[in-house]
Amino acid sequence: MAPPVTQRTGFSRRAQYTTFFGYVAGIAGAIVGVIFLFVSIYDHNAFAGLRGVAGDAARPAAATAASGRSGSQGFIATIEGYFFAATKNAELQREAEVTRVKLVEARALAEENRRLKAVLGLMQEDPKPVATARMVGSTSASTRRFAAISVGSTQGVAIGMPVRSPLGLVGRVLEVGRNTSRVLLVTDTESVVPVRRASDGVAGFATGQGDGTLLIRLINLGINPLRKGDALVTSGSGGLYRPGTAIAVVSELTRDGAIARVLSDPGATEFVVVEPLWNPARNPASEPSAPAGTQP
Amino acid sequence: MIAPLLQRRLTDPFRKTINREPLPIVAIGVPWLTVMLGTLSPTWPIVASAPVMPPLGFLFMLAWRQQRPGLLPVWAGLPLGLFDDLYSGQPFGSAVLLWSLAMIVLDAVEVQFPWRNFLINWLEAAGLIVACLLLSLLFANASGGSTPLRVILPQIAISVLLYPLCGRLMALFDRFRLIPFRAID
């Protein structure tokens with residue numbers, strides 16, 4: 001490209017000053033960036049209010065885009081369905097056979113469970129959700145995994161509340177604006193969720209890896225008891241997440257744990273439910289990512 | 001209203017251009033607006049469980065700077081980066097710093113090598129994109145994450161390959177920007 005004439009200031013004082021102060025402002029911008037960066041690394045919540053206001057401002061456009069998202073994904077899934085119809089059909093039939101048996105077993109278990117609970121005099125019921133929200137966006141260009149949901153403090157959402165979809169745990173509320181909130185997804189590398197195997201309660205921690213999978217580390221080291229396909233649910237340790245919420249399925253074994261696939265893929269989830277804190281007596285805001293090993 | 005105008009302008013560039021000039025607000029505002037839209041757009045269409053979308057705001061800013069040097073001032077990295085930080089999920093200040101530095105580097109390259117071709121422009125942008133994404137990862141990890149490097153390799157590849165396309169898109173906006181809407185008395 002030819003050298004642009006605008007770069008040459010010539011004898012014009014005004015042009016010379018404009019160029020000079022442009023450079024000064026540019027370098028000042030970099031310095032301001034360094035200051036902001038140090039402040040935000042030192043204090044994570046330093047700019048939370050600003051982000052909340054910005055999230056509220058972008059909410060209408062984001063909500064519109066989100067409704068288009070589910071439509072377009074449905075369209076692609078329909079086309080995809082044609083290509084894998086036969087294999088999928090066979091697979092589903094096999095699955096249906098297995099599921100039928102499991103369903104009967106589950107009914108029996110539920111009955112037994114109810115009977116035993118009645119014996120113990122326990123009353124356990126699902127908590128009333130705080131709010132139902134639409135996932136309006138995520139930070140898909142950054143290595144940190146945050147999502148925005150369309151409810152905020154006006155709807156009663158507070159920091160630390162778990163967010164789940166019908167399929168399983170999605171994350172927990174990190175920052176709250178008036179009408180939007182920022183959710184730390186379970187796949188973020190800062191997120192640690194205490195989990196146990198659904199079948200027998202082998203306990204461990206699920207840490208996000210930033211690429212859509214979770215790293216499962218077991219509490220009791222020794223022979224790795226996990227198998228491919230094991231379902232993991234939250235254990236309720238630490239008081240942040242209600243026990244028994246499905247979260248992931250083991251997809252790959254490592255030496256002392258496993259890699260698990262998240263059940264509730266945030267990309268396929270449009271609506272989520274914000275649940276109240278499982279154990280409000282503990283203050284989750286004071287320990288952002290460290291669930292202590294207490295009993296549920 | 002705008003689409004037919006653009007169509008007419010692109011098919012018949014000399015019609016209705018005499019005695020007319022571009023609207024100043026459009027001519028100056030479009031670059032800023034496209035970069036801001038670029039910042040917002042990766043957050044909307046998909047809710048991703050891995051960083052896959054290119055940082056479109058950054059790509060758009062590079063494209064504008066390379067096509068129209070001087071249209072975005074050297075200090076444009078400060079306000080545009082500030083806007084990006086509000087939505088990107090990076091620790092606040094990361095984009096302010098990186099975008100400001102990118103603008104200064106682009107200006108220095110402009111002065112050193114005034115005559116460049118497509119390939120050199122692409123190489124320059126690719127270098128800046130790789131540096132920006134790597135440093136973003138570094139900053140994100142410094143503020144609490146611990147993402148391994150391999151996670152962003154696909155994103156780097158996508159961003160570098162997508163850059164020329166962003167350039168073409170910004171060229172389209174550039175033509176729109178200079179449509180003479182306003183009649184001169």
# chains A, B, ... in the order shown; residues from 1 in each chain; ligands from 1
>>> interface_residues(of="chain A", to="chain B", cutoff="8 Å", atoms="only C-alpha atoms", output="PDB file with N, CA and C atoms, in the first residue's frame")
ATOM      1  N   MET A   1       0.838  -1.193   0.000  1.00  0.00           N
ATOM      2  CA  MET A   1       0.000   0.000   0.000  1.00  0.00           C
ATOM      3  C   MET A   1       0.876   1.248   0.000  1.00  0.00           C
ATOM      4  N   ALA A   2       0.410   2.249  -0.721  1.00  0.00           N
ATOM      5  CA  ALA A   2       1.191   3.487  -0.817  1.00  0.00           C
ATOM      6  C   ALA A   2       1.233   4.191   0.525  1.00  0.00           C
ATOM      7  N   PRO A   3       2.321   4.886   0.808  1.00  0.00           N
ATOM      8  CA  PRO A   3       2.381   5.631   2.070  1.00  0.00           C
ATOM      9  C   PRO A   3       1.289   6.687   2.100  1.00  0.00           C
ATOM     10  N   PRO A   4       0.498   6.685   3.138  1.00  0.00           N
ATOM     11  CA  PRO A   4      -0.607   7.649   3.186  1.00  0.00           C
ATOM     12  C   PRO A   4      -0.097   9.054   3.508  1.00  0.00           C
ATOM     13  N   THR A   6      -1.582  11.257   5.151  1.00  0.00           N
ATOM     14  CA  THR A   6      -1.977  11.750   6.474  1.00  0.00           C
ATOM     15  C   THR A   6      -0.871  11.574   7.501  1.00  0.00           C
ATOM     16  N   GLN A   7       0.066  10.661   7.224  1.00  0.00           N
ATOM     17  CA  GLN A   7       1.149  10.435   8.170  1.00  0.00           C
ATOM     18  C   GLN A   7       2.130  11.609   8.201  1.00  0.00           C
ATOM     19  N   GLY A  22      -1.459  12.150  19.870  1.00  0.00           N
ATOM     20  CA  GLY A  22      -1.991  10.822  19.571  1.00  0.00           C
ATOM     21  C   GLY A  22      -1.087   9.739  20.133  1.00  0.00           C
ATOM     22  N   TYR A  23       0.225   9.893  19.899  1.00  0.00           N
ATOM     23  CA  TYR A  23       1.180   8.912  20.434  1.00  0.00           C
ATOM     24  C   TYR A  23       1.190   8.924  21.955  1.00  0.00           C
ATOM     25  N   ALA A  25      -1.223   9.722  23.916  1.00  0.00           N
ATOM     26  CA  ALA A  25      -2.448   9.085  24.405  1.00  0.00           C
ATOM     27  C   ALA A  25      -2.377   7.573  24.222  1.00  0.00           C
ATOM     28  N   GLY A  26      -1.769   7.139  23.108  1.00  0.00           N
ATOM     29  CA  GLY A  26      -1.647   5.703  22.868  1.00  0.00           C
ATOM     30  C   GLY A  26      -0.818   5.026  23.945  1.00  0.00           C
ATOM     31  N   ILE A  27       0.324   5.629  24.273  1.00  0.00           N
ATOM     32  CA  ILE A  27       1.192   5.050  25.306  1.00  0.00           C
ATOM     33  C   ILE A  27       0.511   5.135  26.665  1.00  0.00           C
ATOM     34  N   GLY A  29      -2.623   4.929  27.134  1.00  0.00           N
ATOM     35  CA  GLY A  29      -3.606   3.846  27.120  1.00  0.00           C
ATOM     36  C   GLY A  29      -2.993   2.540  27.582  1.00  0.00           C
ATOM     37  N   ALA A  30      -1.779   2.258  27.079  1.00  0.00           N
ATOM     38  CA  ALA A  30      -1.105   1.016  27.483  1.00  0.00           C
ATOM     39  C   ALA A  30      -0.821   1.022  28.980  1.00  0.00           C
ATOM     40  N   ILE A  31      -0.416   2.200  29.490  1.00  0.00           N
ATOM     41  CA  ILE A  31      -0.108   2.282  30.931  1.00  0.00           C
ATOM     42  C   ILE A  31      -1.376   2.098  31.758  1.00  0.00           C
ATOM     43  N   VAL A  32      -2.470   2.723  31.310  1.00  0.00           N
ATOM     44  CA  VAL A  32      -3.753   2.546  31.997  1.00  0.00           C
ATOM     45  C   VAL A  32      -4.136   1.065  32.015  1.00  0.00           C
ATOM     46  N   GLY A  33      -3.888   0.387  30.864  1.00  0.00           N
ATOM     47  CA  GLY A  33      -4.179  -1.042  30.783  1.00  0.00           C
ATOM     48  C   GLY A  33      -3.415  -1.835  31.831  1.00  0.00           C
ATOM     49  N   VAL A  34      -2.133  -1.519  31.998  1.00  0.00           N
ATOM     50  CA  VAL A  34      -1.315  -2.229  32.993  1.00  0.00           C
ATOM     51  C   VAL A  34      -1.889  -2.016  34.392  1.00  0.00           C
ATOM     52  N   ILE A  35      -2.294  -0.765  34.662  1.00  0.00           N
ATOM     53  CA  ILE A  35      -2.836  -0.464  36.005  1.00  0.00           C
ATOM     54  C   ILE A  35      -4.122  -1.256  36.237  1.00  0.00           C
ATOM     55  N   PHE A  36      -5.034  -1.196  35.258  1.00  0.00           N
ATOM     56  CA  PHE A  36      -6.294  -1.946  35.367  1.00  0.00           C
ATOM     57  C   PHE A  36      -6.017  -3.425  35.609  1.00  0.00           C
ATOM     58  N   LEU A  37      -5.049  -3.945  34.841  1.00  0.00           N
ATOM     59  CA  LEU A  37      -4.754  -5.369  34.912  1.00  0.00           C
ATOM     60  C   LEU A  37      -4.276  -5.761  36.306  1.00  0.00           C
ATOM     61  N   SER A  40      -7.203  -5.680  38.703  1.00  0.00           N
ATOM     62  CA  SER A  40      -8.172  -6.765  38.551  1.00  0.00           C
ATOM     63  C   SER A  40      -7.572  -8.111  38.929  1.00  0.00           C
ATOM     64  N   ILE A  41      -6.248  -8.272  38.765  1.00  0.00           N
ATOM     65  CA  ILE A  41      -5.632  -9.530  39.204  1.00  0.00           C
ATOM     66  C   ILE A  41      -5.573  -9.570  40.731  1.00  0.00           C
ATOM     67  N   TYR A  42      -5.348  -8.394  41.314  1.00  0.00           N
ATOM     68  CA  TYR A  42      -5.250  -8.318  42.772  1.00  0.00           C
ATOM     69  C   TYR A  42      -6.623  -8.491  43.415  1.00  0.00           C
ATOM     70  N   HIS A  44     -10.411  -9.519  42.243  1.00  0.00           N
ATOM     71  CA  HIS A  44     -11.235 -10.006  41.130  1.00  0.00           C
ATOM     72  C   HIS A  44     -12.520  -9.217  40.954  1.00  0.00           C
ATOM     73  N   PHE A  47     -14.010  -4.691  39.236  1.00  0.00           N
ATOM     74  CA  PHE A  47     -14.785  -4.085  38.153  1.00  0.00           C
ATOM     75  C   PHE A  47     -16.114  -4.809  37.946  1.00  0.00           C
ATOM     76  N   LEU A  50     -19.122  -2.521  37.114  1.00  0.00           N
ATOM     77  CA  LEU A  50     -19.058  -2.009  35.743  1.00  0.00           C
ATOM     78  C   LEU A  50     -19.518  -3.078  34.748  1.00  0.00           C
ATOM     79  N   ARG A  51     -19.051  -4.320  34.980  1.00  0.00           N
ATOM     80  CA  ARG A  51     -19.432  -5.417  34.085  1.00  0.00           C
ATOM     81  C   ARG A  51     -20.924  -5.700  34.189  1.00  0.00           C
ATOM     82  N   ALA A  54     -22.719  -3.138  32.162  1.00  0.00           N
ATOM     83  CA  ALA A  54     -22.527  -3.423  30.742  1.00  0.00           C
ATOM     84  C   ALA A  54     -23.372  -4.617  30.306  1.00  0.00           C
ATOM     85  N   GLY A  55     -23.442  -5.630  31.167  1.00  0.00           N
ATOM     86  CA  GLY A  55     -24.250  -6.805  30.842  1.00  0.00           C
ATOM     87  C   GLY A  55     -25.722  -6.456  30.727  1.00  0.00           C
ATOM     88  N   ALA A  62     -28.674  -9.374  23.301  1.00  0.00           N
ATOM     89  CA  ALA A  62     -28.182 -10.725  23.555  1.00  0.00           C
ATOM     90  C   ALA A  62     -29.332 -11.720  23.629  1.00  0.00           C
ATOM     91  N   ALA A  65     -30.472 -12.508  20.140  1.00  0.00           N
ATOM     92  CA  ALA A  65     -29.523 -13.401  19.495  1.00  0.00           C
ATOM     93  C   ALA A  65     -29.653 -14.812  20.042  1.00  0.00           C
ATOM     94  N   ALA A  66     -29.938 -14.919  21.342  1.00  0.00           N
ATOM     95  CA  ALA A  66     -30.029 -16.239  21.964  1.00  0.00           C
ATOM     96  C   ALA A  66     -31.222 -17.019  21.430  1.00  0.00           C
ATOM     97  N   GLY A  68     -32.431 -16.741  18.481  1.00  0.00           N
ATOM     98  CA  GLY A  68     -32.046 -17.190  17.155  1.00  0.00           C
ATOM     99  C   GLY A  68     -31.114 -18.382  17.219  1.00  0.00           C
ATOM    100  N   ARG A  69     -30.316 -18.423  18.288  1.00  0.00           N
ATOM    101  CA  ARG A  69     -29.328 -19.491  18.399  1.00  0.00           C
ATOM    102  C   ARG A  69     -29.977 -20.859  18.471  1.00  0.00           C
ATOM    103  N   MET A 135     -29.938 -18.504  28.886  1.00  0.00           N
ATOM    104  CA  MET A 135     -28.496 -18.273  28.717  1.00  0.00           C
ATOM    105  C   MET A 135     -28.338 -17.301  27.551  1.00  0.00           C
ATOM    106  N   VAL A 136     -27.801 -16.125  27.812  1.00  0.00           N
ATOM    107  CA  VAL A 136     -27.753 -15.121  26.750  1.00  0.00           C
ATOM    108  C   VAL A 136     -26.359 -14.945  26.162  1.00  0.00           C
ATOM    109  N   GLY A 137     -25.398 -15.685  26.602  1.00  0.00           N
ATOM    110  CA  GLY A 137     -24.095 -15.533  25.978  1.00  0.00           C
ATOM    111  C   GLY A 137     -22.998 -16.157  26.810  1.00  0.00           C
ATOM    112  N   SER A 138     -21.844 -16.271  26.197  1.00  0.00           N
ATOM    113  CA  SER A 138     -20.690 -16.780  26.935  1.00  0.00           C
ATOM    114  C   SER A 138     -19.435 -16.127  26.390  1.00  0.00           C
ATOM    115  N   THR A 139     -18.368 -16.235  27.155  1.00  0.00           N
ATOM    116  CA  THR A 139     -17.108 -15.630  26.719  1.00  0.00           C
ATOM    117  C   THR A 139     -16.375 -16.623  25.835  1.00  0.00           C
ATOM    118  N   SER A 140     -16.860 -16.792  24.603  1.00  0.00           N
ATOM    119  CA  SER A 140     -16.303 -17.862  23.775  1.00  0.00           C
ATOM    120  C   SER A 140     -15.004 -17.465  23.103  1.00  0.00           C
ATOM    121  N   ALA A 141     -14.551 -16.219  23.256  1.00  0.00           N
ATOM    122  CA  ALA A 141     -13.260 -15.844  22.681  1.00  0.00           C
ATOM    123  C   ALA A 141     -12.160 -15.813  23.737  1.00  0.00           C
ATOM    124  N   SER A 142     -12.529 -16.065  24.989  1.00  0.00           N
ATOM    125  CA  SER A 142     -11.547 -16.023  26.070  1.00  0.00           C
ATOM    126  C   SER A 142     -11.321 -17.424  26.619  1.00  0.00           C
ATOM    127  N   THR A 143     -10.177 -17.608  27.296  1.00  0.00           N
ATOM    128  CA  THR A 143      -9.921 -18.920  27.872  1.00  0.00           C
ATOM    129  C   THR A 143     -10.692 -19.124  29.166  1.00  0.00           C
ATOM    130  N   ARG A 144     -11.175 -18.020  29.764  1.00  0.00           N
ATOM    131  CA  ARG A 144     -12.024 -18.169  30.946  1.00  0.00           C
ATOM    132  C   ARG A 144     -13.427 -18.505  30.479  1.00  0.00           C
ATOM    133  N   ARG A 145     -14.112 -19.356  31.241  1.00  0.00           N
ATOM    134  CA  ARG A 145     -15.423 -19.817  30.813  1.00  0.00           C
ATOM    135  C   ARG A 145     -16.513 -19.206  31.691  1.00  0.00           C
ATOM    136  N   PHE A 146     -17.037 -18.093  31.247  1.00  0.00           N
ATOM    137  CA  PHE A 146     -18.160 -17.454  31.917  1.00  0.00           C
ATOM    138  C   PHE A 146     -19.348 -17.473  30.978  1.00  0.00           C
ATOM    139  N   ALA A 147     -20.546 -17.463  31.546  1.00  0.00           N
ATOM    140  CA  ALA A 147     -21.744 -17.314  30.732  1.00  0.00           C
ATOM    141  C   ALA A 147     -22.602 -16.230  31.353  1.00  0.00           C
ATOM    142  N   THR A 187     -16.894 -25.875  33.529  1.00  0.00           N
ATOM    143  CA  THR A 187     -15.724 -26.205  32.705  1.00  0.00           C
ATOM    144  C   THR A 187     -14.600 -25.197  32.876  1.00  0.00           C
ATOM    145  N   ASP A 188     -14.820 -24.105  33.608  1.00  0.00           N
ATOM    146  CA  ASP A 188     -13.743 -23.149  33.827  1.00  0.00           C
ATOM    147  C   ASP A 188     -12.679 -23.765  34.729  1.00  0.00           C
ATOM    148  N   THR A 189     -11.442 -23.339  34.514  1.00  0.00           N
ATOM    149  CA  THR A 189     -10.351 -23.956  35.267  1.00  0.00           C
ATOM    150  C   THR A 189     -10.341 -23.533  36.724  1.00  0.00           C
ATOM    151  N   GLU A 190     -11.124 -22.512  37.067  1.00  0.00           N
ATOM    152  CA  GLU A 190     -11.170 -22.090  38.463  1.00  0.00           C
ATOM    153  C   GLU A 190     -12.267 -22.820  39.239  1.00  0.00           C
ATOM    154  N   GLN A 209     -11.334 -27.990  32.771  1.00  0.00           N
ATOM    155  CA  GLN A 209     -10.069 -27.956  32.033  1.00  0.00           C
ATOM    156  C   GLN A 209     -10.060 -26.874  30.970  1.00  0.00           C
ATOM    157  N   GLY A 210     -11.156 -26.132  30.847  1.00  0.00           N
ATOM    158  CA  GLY A 210     -11.204 -25.045  29.877  1.00  0.00           C
ATOM    159  C   GLY A 210     -11.533 -25.485  28.473  1.00  0.00           C
ATOM    160  N   ASP A 211     -11.660 -26.791  28.221  1.00  0.00           N
ATOM    161  CA  ASP A 211     -11.966 -27.232  26.864  1.00  0.00           C
ATOM    162  C   ASP A 211     -13.234 -28.078  26.812  1.00  0.00           C
ATOM    163  N   GLY A 212     -14.110 -27.921  27.808  1.00  0.00           N
ATOM    164  CA  GLY A 212     -15.378 -28.632  27.765  1.00  0.00           C
ATOM    165  C   GLY A 212     -15.349 -29.955  28.511  1.00  0.00           C
ATOM    166  N   ASP A 265     -24.196 -29.706  28.256  1.00  0.00           N
ATOM    167  CA  ASP A 265     -23.378 -28.896  27.368  1.00  0.00           C
ATOM    168  C   ASP A 265     -23.987 -27.502  27.275  1.00  0.00           C
ATOM    169  N   PRO A 266     -23.260 -26.466  27.721  1.00  0.00           N
ATOM    170  CA  PRO A 266     -23.858 -25.129  27.742  1.00  0.00           C
ATOM    171  C   PRO A 266     -24.296 -24.660  26.358  1.00  0.00           C
ATOM    172  N   GLY A 267     -23.656 -25.189  25.305  1.00  0.00           N
ATOM    173  CA  GLY A 267     -24.041 -24.779  23.959  1.00  0.00           C
ATOM    174  C   GLY A 267     -25.431 -25.254  23.590  1.00  0.00           C
ATOM    175  N   ALA A 268     -25.852 -26.381  24.155  1.00  0.00           N
ATOM    176  CA  ALA A 268     -27.154 -26.935  23.793  1.00  0.00           C
ATOM    177  C   ALA A 268     -28.235 -26.519  24.778  1.00  0.00           C
TER     178      ALA A 268
END
>>> residues_around(residues="Ala206 in chain A", least_positions_apart="6", cutoff="6 Å", atoms="only C-alpha atoms", output="PDB file with C-alpha atoms, in the first residue's frame")
ATOM      1  CA  VAL A 192     -13.997 -27.033  41.586  1.00  0.00           C
ATOM      2  CA  VAL A 193     -17.089 -29.152  42.271  1.00  0.00           C
ATOM      3  CA  LEU A 214     -13.648 -32.035  33.593  1.00  0.00           C
ATOM      4  CA  LEU A 215     -10.679 -33.540  35.362  1.00  0.00           C
ATOM      5  CA  ILE A 216     -11.828 -35.891  38.119  1.00  0.00           C
TER       6      ILE A 216
END
>>> select_by_dssp(residues="chain B", states="strand (DSSP E)", output="ChimeraX atom specification")
/B:20-21,182-183
>>> select_by_dssp(residues="chain B", states="alpha helix (DSSP H)", output="ChimeraX atom specification")
/B:2-11,24-40,56-67,77-88,94-112,118-142,153-177
>>> residues_around(residues="range 241-246 of chain A", least_positions_apart="2", cutoff="9 Å", atoms="only C-alpha atoms", output="ChimeraX atom specification")
/A:161-162,164,167-169,172,193-196,198,231-239,248-249,263-264,275,277-279,296
>>> residues_around(residues="range 129-131 of chain B", least_positions_apart="3", cutoff="9 Å", atoms="only C-alpha atoms", output="list in words")
Pro55, Phe58, Leu59, Leu98, Glu124, Ala125, Ala126, Leu134, Leu135, Ser136, Ile156, Ala157, Ser159 and Val160 of chain B
>>> write_last_selection(atoms="C-alpha atoms", output="compact mmCIF listing (two decimals), in the first residue's frame")
# COMPACT_ATOMS: atom_id res chain seq x y z
CA PRO B 55 -11.48 -12.27 18.97
CA PHE B 58 -9.37 -7.25 17.65
CA LEU B 59 -9.32 -8.61 14.08
CA LEU B 98 -2.90 -5.40 24.39
CA GLU B 124 2.03 -8.72 10.51
CA ALA B 125 -1.55 -9.28 11.63
CA ALA B 126 -0.86 -12.96 12.31
CA LEU B 134 -0.96 -15.89 24.08
CA LEU B 135 -0.74 -12.86 26.36
CA SER B 136 -4.51 -13.00 26.96
CA ILE B 156 -5.15 -19.19 17.11
CA ALA B 157 -5.37 -21.12 13.83
CA SER B 159 -8.18 -16.38 13.97
CA VAL B 160 -5.13 -16.21 11.70
